[in-house]
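Structure below is run10.txt: compact mmCIF, C-alpha atoms and all ligand atoms.
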```txt
# COMPACT_ATOMS: atom_id res chain seq x y z
CA MET A 29 28.30 -33.56 11.21
CA GLN A 30 24.55 -33.45 10.59
CA LYS A 31 24.63 -29.66 10.92
CA GLN A 32 27.40 -29.37 8.34
CA GLN A 33 25.53 -31.64 5.93
CA ASN A 34 22.41 -29.50 6.33
CA ARG A 35 24.46 -26.39 5.67
CA GLN A 36 25.92 -27.94 2.50
CA LYS A 37 22.45 -28.95 1.33
CA LEU A 38 21.11 -25.46 1.96
CA LEU A 39 23.99 -23.88 0.03
CA HIS A 40 23.41 -26.23 -2.87
CA ILE A 41 19.68 -25.50 -3.03
CA LYS A 42 20.29 -21.76 -2.69
CA GLU A 43 22.54 -21.95 -5.73
CA ILE A 44 19.86 -23.78 -7.71
CA VAL A 45 17.25 -21.16 -6.77
CA SER A 46 19.59 -18.26 -7.45
CA GLY A 47 20.44 -19.71 -10.88
CA SER A 48 16.77 -20.15 -11.62
CA ILE A 49 16.10 -16.50 -10.70
CA GLU A 50 18.89 -15.36 -13.01
CA LYS A 51 17.20 -17.24 -15.87
CA ARG A 52 13.90 -15.52 -15.03
CA ARG A 53 15.23 -11.95 -15.24
CA GLU A 54 12.98 -11.00 -18.13
CA GLU A 55 9.95 -12.59 -16.50
CA ILE A 56 10.63 -10.71 -13.25
CA ILE A 57 11.00 -7.35 -14.98
CA GLU A 58 7.92 -7.96 -17.12
CA LEU A 59 5.91 -8.83 -14.02
CA ALA A 60 6.97 -5.58 -12.29
CA LYS A 61 6.03 -3.63 -15.42
CA SER A 62 2.64 -5.35 -15.62
CA LEU A 63 1.86 -4.43 -12.01
CA VAL A 64 2.87 -0.80 -12.56
CA ARG A 65 0.66 -0.64 -15.66
CA ILE A 66 -2.44 -1.61 -13.68
CA PRO A 67 -3.44 1.47 -11.66
CA SER A 68 -4.30 0.82 -8.01
CA GLU A 69 -4.58 4.33 -6.65
CA ASN A 70 -5.92 4.83 -3.17
CA ILE A 71 -8.18 7.87 -2.98
CA PRO A 72 -10.08 7.63 0.32
CA PRO A 73 -12.65 6.54 1.08
CA GLY A 74 -12.21 4.22 -1.95
CA GLY A 75 -9.50 2.73 -4.10
CA ASN A 76 -9.26 0.88 -7.40
CA GLU A 77 -7.09 -2.07 -6.37
CA PHE A 78 -9.40 -4.75 -7.80
CA ALA A 79 -7.73 -5.34 -11.19
CA SER A 80 -4.26 -5.64 -9.62
CA GLN A 81 -5.53 -8.03 -6.97
CA LYS A 82 -7.23 -10.24 -9.55
CA PHE A 83 -4.02 -10.23 -11.61
CA ILE A 84 -1.94 -11.35 -8.60
CA CYS A 85 -4.45 -14.02 -7.62
CA ASN A 86 -4.40 -15.42 -11.18
CA PHE A 87 -0.60 -15.37 -11.17
CA PHE A 88 -0.50 -17.73 -8.20
CA THR A 89 -3.28 -19.97 -9.46
CA GLU A 90 -1.45 -20.35 -12.79
CA SER A 91 1.75 -21.14 -10.86
CA GLY A 92 -0.02 -23.95 -9.01
CA ILE A 93 -0.04 -22.08 -5.69
CA GLU A 94 -3.27 -21.97 -3.71
CA SER A 95 -4.56 -18.39 -3.70
CA LYS A 96 -7.78 -16.46 -3.11
CA LEU A 97 -9.37 -13.05 -2.79
CA ILE A 98 -10.60 -11.98 0.64
CA ASP A 99 -13.65 -9.72 0.77
CA LEU A 100 -13.06 -7.27 3.64
CA THR A 101 -16.75 -6.49 3.95
CA SER A 102 -17.42 -10.11 4.94
CA ILE A 103 -15.18 -9.93 8.06
CA SER A 104 -17.71 -8.89 10.67
CA GLU A 105 -15.27 -8.14 13.51
CA LEU A 106 -13.09 -5.88 11.30
CA SER A 107 -15.04 -2.63 11.64
CA ARG A 108 -15.48 -3.24 15.39
CA HIS A 109 -11.75 -3.68 16.03
CA GLU A 110 -9.99 -0.99 18.08
CA ALA A 111 -7.37 -0.51 15.33
CA TYR A 112 -9.94 -0.17 12.53
CA TYR A 113 -9.80 3.14 10.69
CA GLN A 114 -13.42 4.23 10.27
CA GLY A 115 -14.87 5.86 7.18
CA ARG A 116 -13.33 3.72 4.43
CA ASP A 117 -15.23 1.83 1.73
CA TYR A 118 -14.13 -1.71 0.83
CA THR A 119 -16.61 -2.51 -1.90
CA GLY A 120 -14.64 -4.24 -4.68
CA ARG A 121 -11.34 -3.94 -2.77
CA PRO A 122 -10.29 -7.46 -1.77
CA ASN A 123 -7.02 -8.63 -0.23
CA VAL A 124 -5.14 -11.50 -1.92
CA ILE A 125 -3.67 -14.38 0.06
CA ALA A 126 -1.54 -17.26 -1.20
CA ARG A 127 -0.04 -20.21 0.63
CA TYR A 128 2.72 -22.69 -0.20
CA PRO A 129 2.24 -25.26 2.54
CA GLY A 130 5.27 -26.67 4.34
CA SER A 131 5.85 -30.30 5.22
CA GLY A 132 5.67 -29.48 8.93
CA GLY A 133 7.99 -28.61 11.79
CA GLY A 134 9.53 -25.41 10.42
CA ARG A 135 8.85 -21.75 11.10
CA SER A 136 6.34 -20.04 8.83
CA LEU A 137 7.08 -16.82 6.97
CA LEU A 138 4.72 -14.19 5.54
CA PHE A 139 5.60 -11.98 2.58
CA SER A 140 3.34 -8.94 2.98
CA GLY A 141 2.90 -6.04 0.59
CA HIS A 142 0.33 -3.31 0.02
CA ILE A 143 -0.91 -3.05 -3.56
CA ASP A 144 -2.48 0.39 -3.22
CA THR A 145 -0.47 3.41 -4.27
CA MET A 146 -0.69 7.12 -3.68
CA PRO A 147 -2.69 8.96 -6.39
CA VAL A 148 -0.69 10.22 -9.38
CA GLY A 149 -1.09 13.78 -8.07
CA ASP A 150 -1.04 17.04 -10.00
CA ASN A 151 2.73 17.50 -10.39
CA LYS A 152 4.03 17.04 -13.92
CA TRP A 153 5.56 13.63 -14.74
CA SER A 154 8.32 13.24 -17.37
CA PHE A 155 7.39 9.56 -17.75
CA PRO A 156 3.76 8.38 -18.01
CA PRO A 157 2.74 7.27 -14.50
CA PHE A 158 1.30 3.96 -15.75
CA GLY A 159 3.71 3.48 -18.65
CA ALA A 160 6.33 1.38 -16.79
CA ASP A 161 9.09 2.90 -18.95
CA ILE A 162 12.64 1.79 -18.29
CA SER A 163 15.41 4.35 -18.70
CA ASN A 164 19.00 4.20 -17.40
CA GLY A 165 18.30 1.10 -15.34
CA ARG A 166 15.29 2.70 -13.66
CA LEU A 167 11.69 1.57 -13.93
CA TYR A 168 9.34 4.57 -13.73
CA GLY A 169 5.73 4.66 -12.64
CA ARG A 170 3.33 5.15 -9.75
CA GLY A 171 3.95 2.33 -7.29
CA ALA A 172 7.19 1.18 -8.94
CA TYR A 173 9.15 1.92 -5.74
CA ASP A 174 6.31 1.83 -3.19
CA MET A 175 5.83 -1.10 -3.51
CA LYS A 176 5.05 -3.03 -6.67
CA SER A 177 8.65 -4.06 -7.31
CA GLY A 178 8.83 -5.49 -3.79
CA ILE A 179 5.58 -7.36 -4.38
CA THR A 180 7.01 -8.65 -7.68
CA ALA A 181 10.10 -9.97 -5.90
CA MET A 182 7.96 -11.78 -3.31
CA MET A 183 5.69 -13.31 -5.97
CA MET A 184 8.66 -14.50 -8.02
CA ALA A 185 10.53 -15.84 -4.99
CA MET A 186 7.55 -17.99 -4.10
CA LYS A 187 6.97 -19.16 -7.67
CA THR A 188 10.66 -20.03 -8.15
CA ILE A 189 10.81 -22.08 -4.94
CA LYS A 190 7.70 -23.97 -6.00
CA GLU A 191 8.91 -24.57 -9.55
CA CYS A 192 12.33 -25.75 -8.36
CA GLY A 193 10.37 -28.47 -6.50
CA ILE A 194 11.64 -27.37 -3.09
CA ARG A 195 9.57 -28.42 -0.12
CA LEU A 196 10.00 -26.18 2.90
CA ARG A 197 9.23 -27.34 6.43
CA GLY A 198 7.33 -24.19 7.44
CA ASP A 199 4.50 -22.59 5.47
CA LEU A 200 5.40 -19.79 3.07
CA LEU A 201 2.61 -17.23 2.90
CA PHE A 202 2.01 -14.20 0.70
CA GLU A 203 -0.48 -11.38 0.98
CA SER A 204 -1.23 -8.32 -1.08
CA VAL A 205 -3.35 -5.96 1.01
CA VAL A 206 -5.46 -2.95 0.06
CA ASP A 207 -5.63 0.50 1.65
CA GLU A 208 -2.30 0.96 3.42
CA GLU A 209 -1.61 4.47 2.12
CA HIS A 210 -3.22 7.52 3.78
CA ALA A 211 -2.78 5.70 7.12
CA GLY A 212 -5.31 3.03 6.06
CA CYS A 213 -3.93 -0.29 7.40
CA ASN A 214 -7.39 -1.92 7.53
CA GLY A 215 -6.40 -4.40 4.78
CA THR A 216 -3.43 -5.48 6.89
CA LEU A 217 -5.63 -5.75 9.98
CA ALA A 218 -8.26 -7.82 8.11
CA ASN A 219 -5.83 -10.62 7.34
CA ARG A 220 -4.73 -10.81 10.98
CA LEU A 221 -8.34 -11.23 12.00
CA ILE A 222 -8.93 -14.14 9.61
CA GLY A 223 -5.86 -15.82 11.12
CA PHE A 224 -3.54 -15.47 8.14
CA ASN A 225 -0.51 -15.19 10.41
CA ALA A 226 3.02 -16.59 10.58
CA ASP A 227 6.11 -16.78 12.80
CA GLY A 228 7.61 -13.78 11.03
CA VAL A 229 6.72 -11.22 8.38
CA ILE A 230 8.77 -9.18 5.93
CA LEU A 231 7.50 -6.04 4.16
CA PRO A 232 9.15 -4.61 1.03
CA GLU A 233 8.62 -0.91 1.82
CA PRO A 234 11.29 1.16 0.06
CA SER A 235 14.37 0.82 2.26
CA ASN A 236 17.24 1.17 -0.23
CA LEU A 237 18.31 -2.37 0.76
CA LYS A 238 18.67 -1.43 4.41
CA LEU A 239 17.03 -3.63 7.01
CA TYR A 240 14.49 -1.67 9.05
CA ILE A 241 13.44 -3.25 12.33
CA ALA A 242 11.36 -0.33 13.61
CA HIS A 243 9.19 2.37 12.13
CA LYS A 244 7.99 5.76 13.29
CA GLY A 245 4.51 6.78 14.32
CA PHE A 246 2.71 9.93 13.26
CA ARG A 247 -0.04 12.37 14.08
CA ILE A 248 -1.67 14.92 11.81
CA VAL A 249 -3.91 17.65 13.11
CA HIS A 250 -5.69 20.41 11.24
CA LEU A 251 -5.84 23.62 13.25
CA SER A 252 -8.30 26.27 12.30
CA LEU A 253 -8.50 29.88 13.42
CA LYS A 254 -11.96 31.20 12.74
CA GLY A 255 -12.77 34.92 12.84
CA LYS A 256 -15.34 37.38 11.59
CA SER A 257 -15.35 37.72 7.83
CA GLY A 258 -16.32 40.68 5.63
CA ILE A 259 -14.97 44.15 4.95
CA SER A 260 -15.53 47.14 7.12
CA PHE A 261 -17.41 49.95 5.34
CA ALA A 262 -19.09 51.49 8.37
CA GLY A 263 -16.59 50.78 11.10
CA GLU A 264 -17.84 47.25 11.82
CA GLU A 265 -15.43 45.28 13.95
CA LEU A 266 -14.06 42.32 12.06
CA SER A 267 -11.54 39.70 13.15
CA ASN A 268 -9.02 38.51 10.65
CA PRO A 269 -7.70 35.02 11.54
CA VAL A 270 -4.71 35.50 9.21
CA GLU A 271 -3.29 38.10 11.61
CA TYR A 272 -2.96 35.51 14.39
CA ILE A 273 -1.56 32.62 12.40
CA GLY A 274 2.01 33.94 12.69
CA SER A 275 1.86 33.74 16.47
CA LEU A 276 0.36 30.23 16.26
CA ILE A 277 3.21 29.14 13.97
CA GLU A 278 5.73 30.47 16.53
CA CYS A 279 4.01 28.36 19.18
CA LEU A 280 4.33 25.27 16.97
CA LYS A 281 8.02 26.01 16.41
CA ALA A 282 8.42 26.01 20.17
CA PHE A 283 6.59 22.66 20.25
CA ARG A 284 9.05 21.37 17.64
CA LYS A 285 11.99 22.56 19.76
CA LYS A 286 10.60 20.80 22.81
CA ARG A 287 10.04 17.56 20.85
CA ARG A 288 13.65 17.68 19.65
CA GLU A 289 14.94 18.16 23.17
CA ALA A 290 12.64 15.87 25.11
CA ALA A 291 11.29 13.05 22.92
CA PRO A 292 12.60 9.63 24.01
CA VAL A 293 14.76 8.48 21.07
CA PRO A 294 15.68 4.77 21.11
CA ASP A 295 19.19 3.72 20.02
CA ILE A 296 17.92 2.49 16.65
CA TYR A 297 17.02 6.11 15.73
CA LYS A 298 20.16 7.80 17.10
CA TYR A 299 21.48 8.07 13.51
CA ASP A 300 18.65 10.39 12.53
CA PRO A 301 19.46 14.13 12.80
CA ASP A 302 15.76 14.91 13.26
CA PRO A 303 14.06 11.73 14.52
CA VAL A 304 10.84 13.48 15.60
CA PRO A 305 10.20 16.20 13.01
CA VAL A 306 7.30 18.60 13.38
CA MET A 307 6.24 19.94 9.99
CA LEU A 308 3.68 22.47 8.80
CA PRO A 309 2.88 21.17 5.31
CA LYS A 310 -0.23 23.22 4.49
CA LEU A 311 -1.57 26.70 5.15
CA GLN A 312 -4.78 28.06 3.70
CA ALA A 313 -6.87 31.21 4.00
CA GLY A 314 -9.29 32.74 1.54
CA GLU A 315 -8.92 32.26 -2.16
CA PHE A 316 -7.11 34.28 -4.83
CA SER A 317 -10.14 34.51 -7.05
CA LEU A 318 -12.46 37.25 -8.26
CA ARG A 319 -15.34 34.87 -7.56
CA ILE A 320 -14.77 35.64 -3.88
CA PRO A 321 -15.76 39.10 -2.61
CA MET A 322 -13.00 41.45 -1.53
CA GLN A 323 -12.99 40.54 2.17
CA ILE A 324 -11.21 39.23 5.20
CA PRO A 325 -11.46 35.42 5.20
CA PHE A 326 -13.53 33.64 7.77
CA GLU A 327 -10.98 30.93 8.39
CA CYS A 328 -7.24 30.27 8.31
CA LYS A 329 -6.22 26.60 8.36
CA LEU A 330 -2.89 25.04 9.21
CA GLU A 331 -1.83 21.41 8.96
CA VAL A 332 0.59 20.08 11.58
CA TYR A 333 2.33 16.75 10.92
CA TRP A 334 4.62 15.26 13.49
CA GLN A 335 6.42 11.97 13.81
CA THR A 336 6.80 9.93 16.95
CA MET A 337 9.12 7.27 18.26
CA PRO A 338 8.39 3.61 19.08
CA GLY A 339 7.14 3.51 22.66
CA GLU A 340 5.37 6.87 22.65
CA SER A 341 1.65 6.61 23.28
CA GLN A 342 -1.16 8.53 21.64
CA GLN A 343 -2.18 9.89 25.03
CA GLU A 344 1.28 11.35 25.80
CA ILE A 345 1.67 12.73 22.30
CA GLU A 346 -1.65 14.54 22.36
CA LYS A 347 -1.28 15.82 25.91
CA ASP A 348 2.06 17.44 25.02
CA PHE A 349 0.60 19.05 21.94
CA PHE A 350 -2.56 20.42 23.53
CA ASP A 351 -0.62 21.67 26.57
CA PHE A 352 1.32 23.83 24.14
CA LEU A 353 -1.82 25.13 22.46
CA ASP A 354 -3.48 25.86 25.82
CA GLU A 355 -0.43 27.77 26.94
CA TRP A 356 -0.43 29.74 23.70
CA GLN A 357 -4.08 30.68 24.11
CA LYS A 358 -3.54 31.68 27.75
CA ASN A 359 -0.53 33.85 26.98
CA ASN A 360 -2.02 35.35 23.90
CA ASN A 361 -3.91 38.31 25.35
CA LEU A 362 -4.12 39.77 21.88
CA LEU A 363 -6.45 37.03 20.70
CA PRO A 364 -9.89 38.66 20.46
CA ARG A 365 -12.89 36.80 21.79
CA ASP A 366 -14.30 36.25 18.33
CA ILE A 367 -11.20 34.42 17.09
CA VAL A 368 -11.76 30.76 17.84
CA LEU A 369 -9.19 27.97 17.63
CA GLU A 370 -10.53 24.58 16.56
CA HIS A 371 -8.87 21.31 15.63
CA ASN A 372 -9.63 18.03 13.97
CA PHE A 373 -7.57 14.92 13.31
CA SER A 374 -7.58 14.31 9.58
CA HIS A 375 -5.84 10.92 9.80
CA ARG A 376 -5.78 8.13 12.31
CA TRP A 377 -3.00 7.91 14.87
CA ILE A 378 -0.25 5.46 13.96
CA PRO A 379 2.08 4.33 16.75
CA GLY A 380 5.77 3.64 16.11
CA THR A 381 6.86 0.07 16.88
CA GLY A 382 9.91 -2.14 16.51
CA ILE A 383 11.57 -5.40 17.49
CA ASP A 384 14.90 -6.15 19.11
CA ARG A 385 18.00 -6.24 16.92
CA ASN A 386 18.83 -9.66 18.42
CA HIS A 387 15.52 -11.18 17.36
CA PRO A 388 16.13 -14.33 15.24
CA LEU A 389 14.15 -12.80 12.33
CA VAL A 390 16.53 -9.83 12.29
CA ARG A 391 19.64 -12.00 12.54
CA VAL A 392 18.53 -14.41 9.80
CA THR A 393 17.33 -11.66 7.43
CA LYS A 394 20.54 -9.67 7.87
CA SER A 395 22.73 -12.71 7.30
CA VAL A 396 20.77 -13.80 4.20
CA ALA A 397 20.76 -10.28 2.72
CA GLU A 398 24.50 -9.91 3.30
CA GLU A 399 25.20 -13.24 1.58
CA CYS A 400 23.05 -12.28 -1.41
CA LEU A 401 24.37 -8.71 -1.73
CA ASP A 402 27.94 -9.53 -0.73
CA THR A 403 28.12 -6.42 1.42
CA GLU A 404 27.26 -5.37 4.95
CA VAL A 405 23.57 -4.56 5.45
CA THR A 406 22.69 -1.69 7.79
CA VAL A 407 20.14 -2.49 10.48
CA THR A 408 18.22 0.62 11.48
CA GLY A 409 14.80 2.25 11.99
CA ALA A 410 12.59 3.30 9.07
CA PRO A 411 12.34 7.07 8.63
CA PHE A 412 8.59 6.71 7.97
CA PRO A 413 5.40 5.32 9.51
CA CYS A 414 3.74 2.25 7.92
CA ASP A 415 1.44 -0.71 8.67
CA LEU A 416 4.09 -2.77 10.49
CA PHE A 417 2.50 -1.84 13.83
CA ILE A 418 -0.52 -3.98 12.93
CA PHE A 419 1.72 -7.07 12.92
CA ASN A 420 3.67 -6.10 16.02
CA LEU A 421 0.70 -5.01 18.12
CA TYR A 422 -2.32 -6.90 16.79
CA GLY A 423 -0.92 -9.97 15.02
CA ASN A 424 1.65 -11.02 17.62
CA MET A 425 4.09 -11.31 14.71
CA PRO A 426 7.64 -9.98 14.59
CA GLY A 427 8.21 -8.00 11.40
CA VAL A 428 11.04 -6.42 9.42
CA ILE A 429 11.22 -4.21 6.34
CA LEU A 430 13.57 -4.73 3.41
CA GLY A 431 12.88 -3.12 0.07
CA PRO A 432 14.53 -1.75 -3.07
CA SER A 433 16.43 1.43 -3.87
CA GLY A 434 14.73 4.08 -5.92
CA GLY A 435 13.27 7.54 -5.50
CA ASN A 436 10.34 9.95 -5.68
CA ALA A 437 7.97 7.84 -3.58
CA HIS A 438 4.58 9.59 -3.38
CA ALA A 439 5.87 12.14 -5.95
CA ALA A 440 6.11 12.59 -9.73
CA ASP A 441 8.55 10.32 -11.61
CA GLU A 442 8.59 7.62 -8.92
CA PHE A 443 11.19 5.02 -9.90
CA VAL A 444 12.94 1.87 -8.74
CA TYR A 445 16.33 0.48 -9.78
CA VAL A 446 15.52 -2.56 -11.91
CA GLU A 447 18.53 -4.51 -10.66
CA ASP A 448 17.19 -4.27 -7.12
CA ILE A 449 14.09 -6.25 -8.09
CA ILE A 450 16.33 -9.15 -9.07
CA LYS A 451 18.43 -8.76 -5.90
CA LEU A 452 15.30 -8.74 -3.74
CA THR A 453 13.90 -11.85 -5.43
CA LYS A 454 17.11 -13.65 -4.46
CA ILE A 455 17.04 -12.30 -0.90
CA PHE A 456 13.39 -13.21 -0.35
CA SER A 457 13.80 -16.74 -1.72
CA SER A 458 16.94 -17.31 0.38
CA LEU A 459 15.15 -15.99 3.44
CA ALA A 460 12.30 -18.46 2.89
CA LEU A 461 14.81 -21.33 2.60
CA ARG A 462 16.66 -20.32 5.77
CA TRP A 463 13.69 -19.27 7.90
CA CYS A 464 11.21 -22.00 6.96
CA GLU A 465 13.99 -24.64 6.72
CA LEU A 466 14.32 -27.54 4.32
ZN ZN A 501 4.41 1.83 1.08
```
Translate the structure of the given file into C-alpha cells.
Ligand SMILES: [Zn+2]
Amino acid sequence: MQKQQNRQKLLHIKEIVSGSIEKRREEIIELAKSLVRIPSENIPPGGNEFASQKFICNFFTESGIESKLIDLTSISELSRHEAYYQGRDYTGRPNVIARYPGSGGGRSLLFSGHIDTMPVGDNKWSFPPFGADISNGRLYGRGAYDMKSGITAMMMAMKTIKECGIRLRGDLLFESVVDEEHAGCNGTLANRLIGFNADGVILPEPSNLKLYIAHKGFRIVHLSLKGKSGISFAGEELSNPVEYIGSLIECLKAFRKKRREAAPVPDIYKYDPDPVPVMLPKLQAGEFSLRIPMQIPFECKLEVYWQTMPGESQQEIEKDFFDFLDEWQKNNNLLPRDIVLEHNFSHRWIPGTGIDRNHPLVRVTKSVAEECLDTEVTVTGAPFPCDLFIFNLYGNMPGVILGPSGGNAHAADEFVYVEDIIKLTKIFSSLALRWCEL
C-alpha cells in the first residue's frame, strides 16, 4: 500500500517537473546558446574555460543553489596522484561545483560534465563556431554536442527541481570540470580528491540517447624513423627513412589484425564491428617548401592510435605492441644501421572501464529514460574513451553516460538536435527524483 502511494506521489511530482520544463523551453535553449557563445577551448597545456565556469557558477548562485569555483592549483595531492596527467597548466582554470542538499537517507547523485571543448580547428565551418545558430532544429557551434547541451540539461534539471520546491532525500550534485579533452581528466580527478563524490554519476557525453555503461581505453604512440639527411653529390651514403616507412606500416597492419583476432571483447562491445581499431592518423616527412633544401629528410614520423577494451591493462597493451615492433626490427634485415626507430607517447594512457548491466544505476537510468522518451533505450558500450574511468577506478563511484543526438563532434559544424536538450532535461530531472528519492 505504502509502496503504491509512493509511486503515485512520484508520478505526480514527475508530471509537475515535466510541465515546468516544458514551460522553460526558451530558457533552456537560450542557456545552451549562451554556453556555446562563450569559448572554452582546450589547447594544452592551457585552456580558456574561466568565463564559462564563472557563468555557470553565477547561474547556480542566482538560482539559490550553493555553488563555488575550485582552484585546481590549491589541491596539493592532485599533481602527486598516480592518475594525474603531468604537464598541464591550471592557472585560471577552475572547476565548478554545486550542491542541492537532500533531507537525508536517500542516495546521492552527481551530474558531471566537462566544459572544455576541442579547438575550433582549421577546417572551414559553414556556421560561426561561437555563433550558436539554430537551423533545421539543430544548434551549431563548438561544444554544442560535446557537451554544452548536456551541461545545460543538467543545470536546468537541478534548477527546475529546486524551483518546484521539491526536497530530495539524497544530495543532488553538479560539477563542470576543466581539461577533459586531449586525454586530460585532471579536472575530474581533482573533484574526487576534494571528496565531491556521490552514490552514482551520470555524464552527458554525446550518446545519441543511448545508455553507455562502459567506455573504451586508448593509446597513442608517435613512431619515428630517423636516418641520414642530405643529398648525395659525391657518393656519400645517406639513409632515407621514408623508404622504410612502408614496411613499418605493414607491420602495424599485422598488429591490427592480431588485435582484431585476439583482443578480449566483453559482451557489451559485441555489437561493434571493429571494437579495437588500430589507426594511423598522421604521417609526416620533410616539407613541401622551397625554404627547405632539396634533400632526403632526416625523419619520418607516424602516429599510431589504438583503442582498448575494459579490462585490458596498460602493461599488456604495450607489451603486445612492442613485441610486434621488436619482431619487425629483427626480421627487417634491410634496415641499415643508421636508420633508428624511436617512439614517444604523446598522450596519457586511458584504460577502458565499465559497470555491470544489472547495477541499480543502470536499471534506474534505463527505466527513467524509457519513460521519458516513450521508447526502448539501448544499453551498450561507448565507442570512445572518456573520463569515466576516473569515477570507476579512483572515485569508487558507478557511472553511466547518456547524452544528446547530434554530429560532427571534434569537427567543423558540430551540432546538437535542440529537441534533445529538452528531452535530456526531463530525463535528468526524473533520474534525480527516482535515484535520490522523495
Ligand atoms: Zn566530451
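Based on all atoms listed in the file, the protein and nucleic acid residues found within 10 Å of ligand ZN 501 (chain A) are, by chain and then by number, Gly141, His142, Ile143, Asp144, Thr145, Met146, Gly171, Tyr173, Asp174, Met175, Lys176, Gly178, Glu208, Glu209, His210, Leu231, Pro232, Glu233, Pro234, Phe412, Pro413, Cys414, Asp415, Gly431, Ala437 and His438 of chain A.
Closest approach to A:Arg116 among A:Asp207, A:Asp161, A:Glu346, A:Glu370: A:Asp207, based on all atoms listed in the file.
Counting all atoms listed in the file and comparing A:Leu353, A:Val206, A:Ala126, A:Leu38, the residue that lies closest to A:Leu461 is A:Leu38.
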Using all atoms listed in the file, can you list as a PyMOL selection string the residues within 10 Å of (-4.2, 23.6, 13.7)? chain A and resi 248-253+273+276-277+280+308+311+328-333+353+369-373
Counting all atoms listed in the file, which residues have an atom no more than 10 Å from (14.1, 7.1, 25.1) in the file's coordinates? Please list them as number ranges by chain. A: 290-295, 297, 337-340
How far is it from atom CA of A:Tyr128 to atom CA of A:Glu191, in Å with one decimal?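 It comes out at 11.4 Å.
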Pick from A:Asn420, A:Asn436, A:Gln312, A:Asn386: nearest to A:Asp227, with all atoms listed in the file counted?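 Ranking A:Asn420, A:Asn436, A:Gln312, A:Asn386 by distance to A:Asp227, first place goes to A:Asn420.
Nearest residue to A:Pro426 among A:Val304, A:Ile450, A:Leu201, A:Ile230 is A:Ile230, counting only C-alpha atoms.
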How many Å lie between atom CA of A:Leu221 and atom CA of A:Pro122, rounded to one decimal?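 Spanning atom CA of A:Leu221 to atom CA of A:Pro122 is a straight-line distance of 14.4 Å.
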Show which residues sit within 10 Å of stretch 341-343 of chain A, as a PDB file with C-alpha atoms, keeping the file's coordinate frame. Count only C-alpha atoms, and ignore same-chain residues fewer than 4 positions away.
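The resulting part_28.pdb:
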```pdb
ATOM      1  CA  GLY A 245       4.510   6.780  14.320  1.00  0.00           C
ATOM      2  CA  PHE A 246       2.710   9.930  13.260  1.00  0.00           C
ATOM      3  CA  ARG A 247      -0.040  12.370  14.080  1.00  0.00           C
ATOM      4  CA  THR A 336       6.800   9.930  16.950  1.00  0.00           C
ATOM      5  CA  MET A 337       9.120   7.270  18.260  1.00  0.00           C
ATOM      6  CA  LYS A 347      -1.280  15.820  25.910  1.00  0.00           C
ATOM      7  CA  ASP A 348       2.060  17.440  25.020  1.00  0.00           C
ATOM      8  CA  TRP A 377      -3.000   7.910  14.870  1.00  0.00           C
ATOM      9  CA  ILE A 378      -0.250   5.460  13.960  1.00  0.00           C
ATOM     10  CA  PRO A 379       2.080   4.330  16.750  1.00  0.00           C
ATOM     11  CA  GLY A 380       5.770   3.640  16.110  1.00  0.00           C
TER      12      GLY A 380
END
```
One decimal, in Å: what's the spacing between atom CA of A:Gly120 and atom CA of A:Ser177?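 Distance between the two atoms: 23.4 Å.
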Neighbours of stretch 281-288 of chain A within 9 Å (all atoms listed in the file; same-chain residues fewer than 5 positions away dropped), as a PyMOL selection string? chain A and resi 276+302-307+334+348-349+352
Using the incomplete input, complete stretch 80-92 of chain A to the level of N, CA and C atoms; output as a short mmCIF file (atom, residue, chain, number, x, y, z; two decimals), keeping the file's coordinate frame.
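Below is the file that was written, rebuild.cif:
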```cif
data_model
loop_
_atom_site.label_atom_id
_atom_site.label_comp_id
_atom_site.auth_asym_id
_atom_site.auth_seq_id
_atom_site.Cartn_x
_atom_site.Cartn_y
_atom_site.Cartn_z
N SER A 80 -5.59 -5.16 -10.03
CA SER A 80 -4.26 -5.64 -9.62
C SER A 80 -4.39 -6.90 -8.77
N GLN A 81 -5.36 -6.89 -7.87
CA GLN A 81 -5.53 -8.03 -6.97
C GLN A 81 -5.93 -9.29 -7.74
N LYS A 82 -6.79 -9.11 -8.73
CA LYS A 82 -7.23 -10.24 -9.55
C LYS A 82 -6.02 -10.77 -10.33
N PHE A 83 -5.22 -9.84 -10.84
CA PHE A 83 -4.02 -10.23 -11.61
C PHE A 83 -3.08 -11.08 -10.74
N ILE A 84 -2.86 -10.63 -9.50
CA ILE A 84 -1.94 -11.35 -8.60
C ILE A 84 -2.50 -12.72 -8.23
N CYS A 85 -3.80 -12.75 -7.97
CA CYS A 85 -4.45 -14.02 -7.62
C CYS A 85 -4.31 -15.02 -8.78
N ASN A 86 -4.54 -14.55 -10.00
CA ASN A 86 -4.40 -15.42 -11.18
C ASN A 86 -2.97 -15.91 -11.34
N PHE A 87 -2.01 -15.01 -11.06
CA PHE A 87 -0.60 -15.37 -11.17
C PHE A 87 -0.29 -16.61 -10.32
N PHE A 88 -0.77 -16.60 -9.09
CA PHE A 88 -0.50 -17.73 -8.20
C PHE A 88 -1.24 -18.98 -8.66
N THR A 89 -2.51 -18.80 -9.03
CA THR A 89 -3.28 -19.97 -9.46
C THR A 89 -2.59 -20.63 -10.66
N GLU A 90 -2.14 -19.80 -11.61
CA GLU A 90 -1.45 -20.35 -12.79
C GLU A 90 -0.11 -20.99 -12.41
N SER A 91 0.48 -20.55 -11.30
CA SER A 91 1.75 -21.14 -10.86
C SER A 91 1.53 -22.37 -9.98
N GLY A 92 0.28 -22.76 -9.82
CA GLY A 92 -0.02 -23.95 -9.01
C GLY A 92 0.05 -23.70 -7.52
#
```
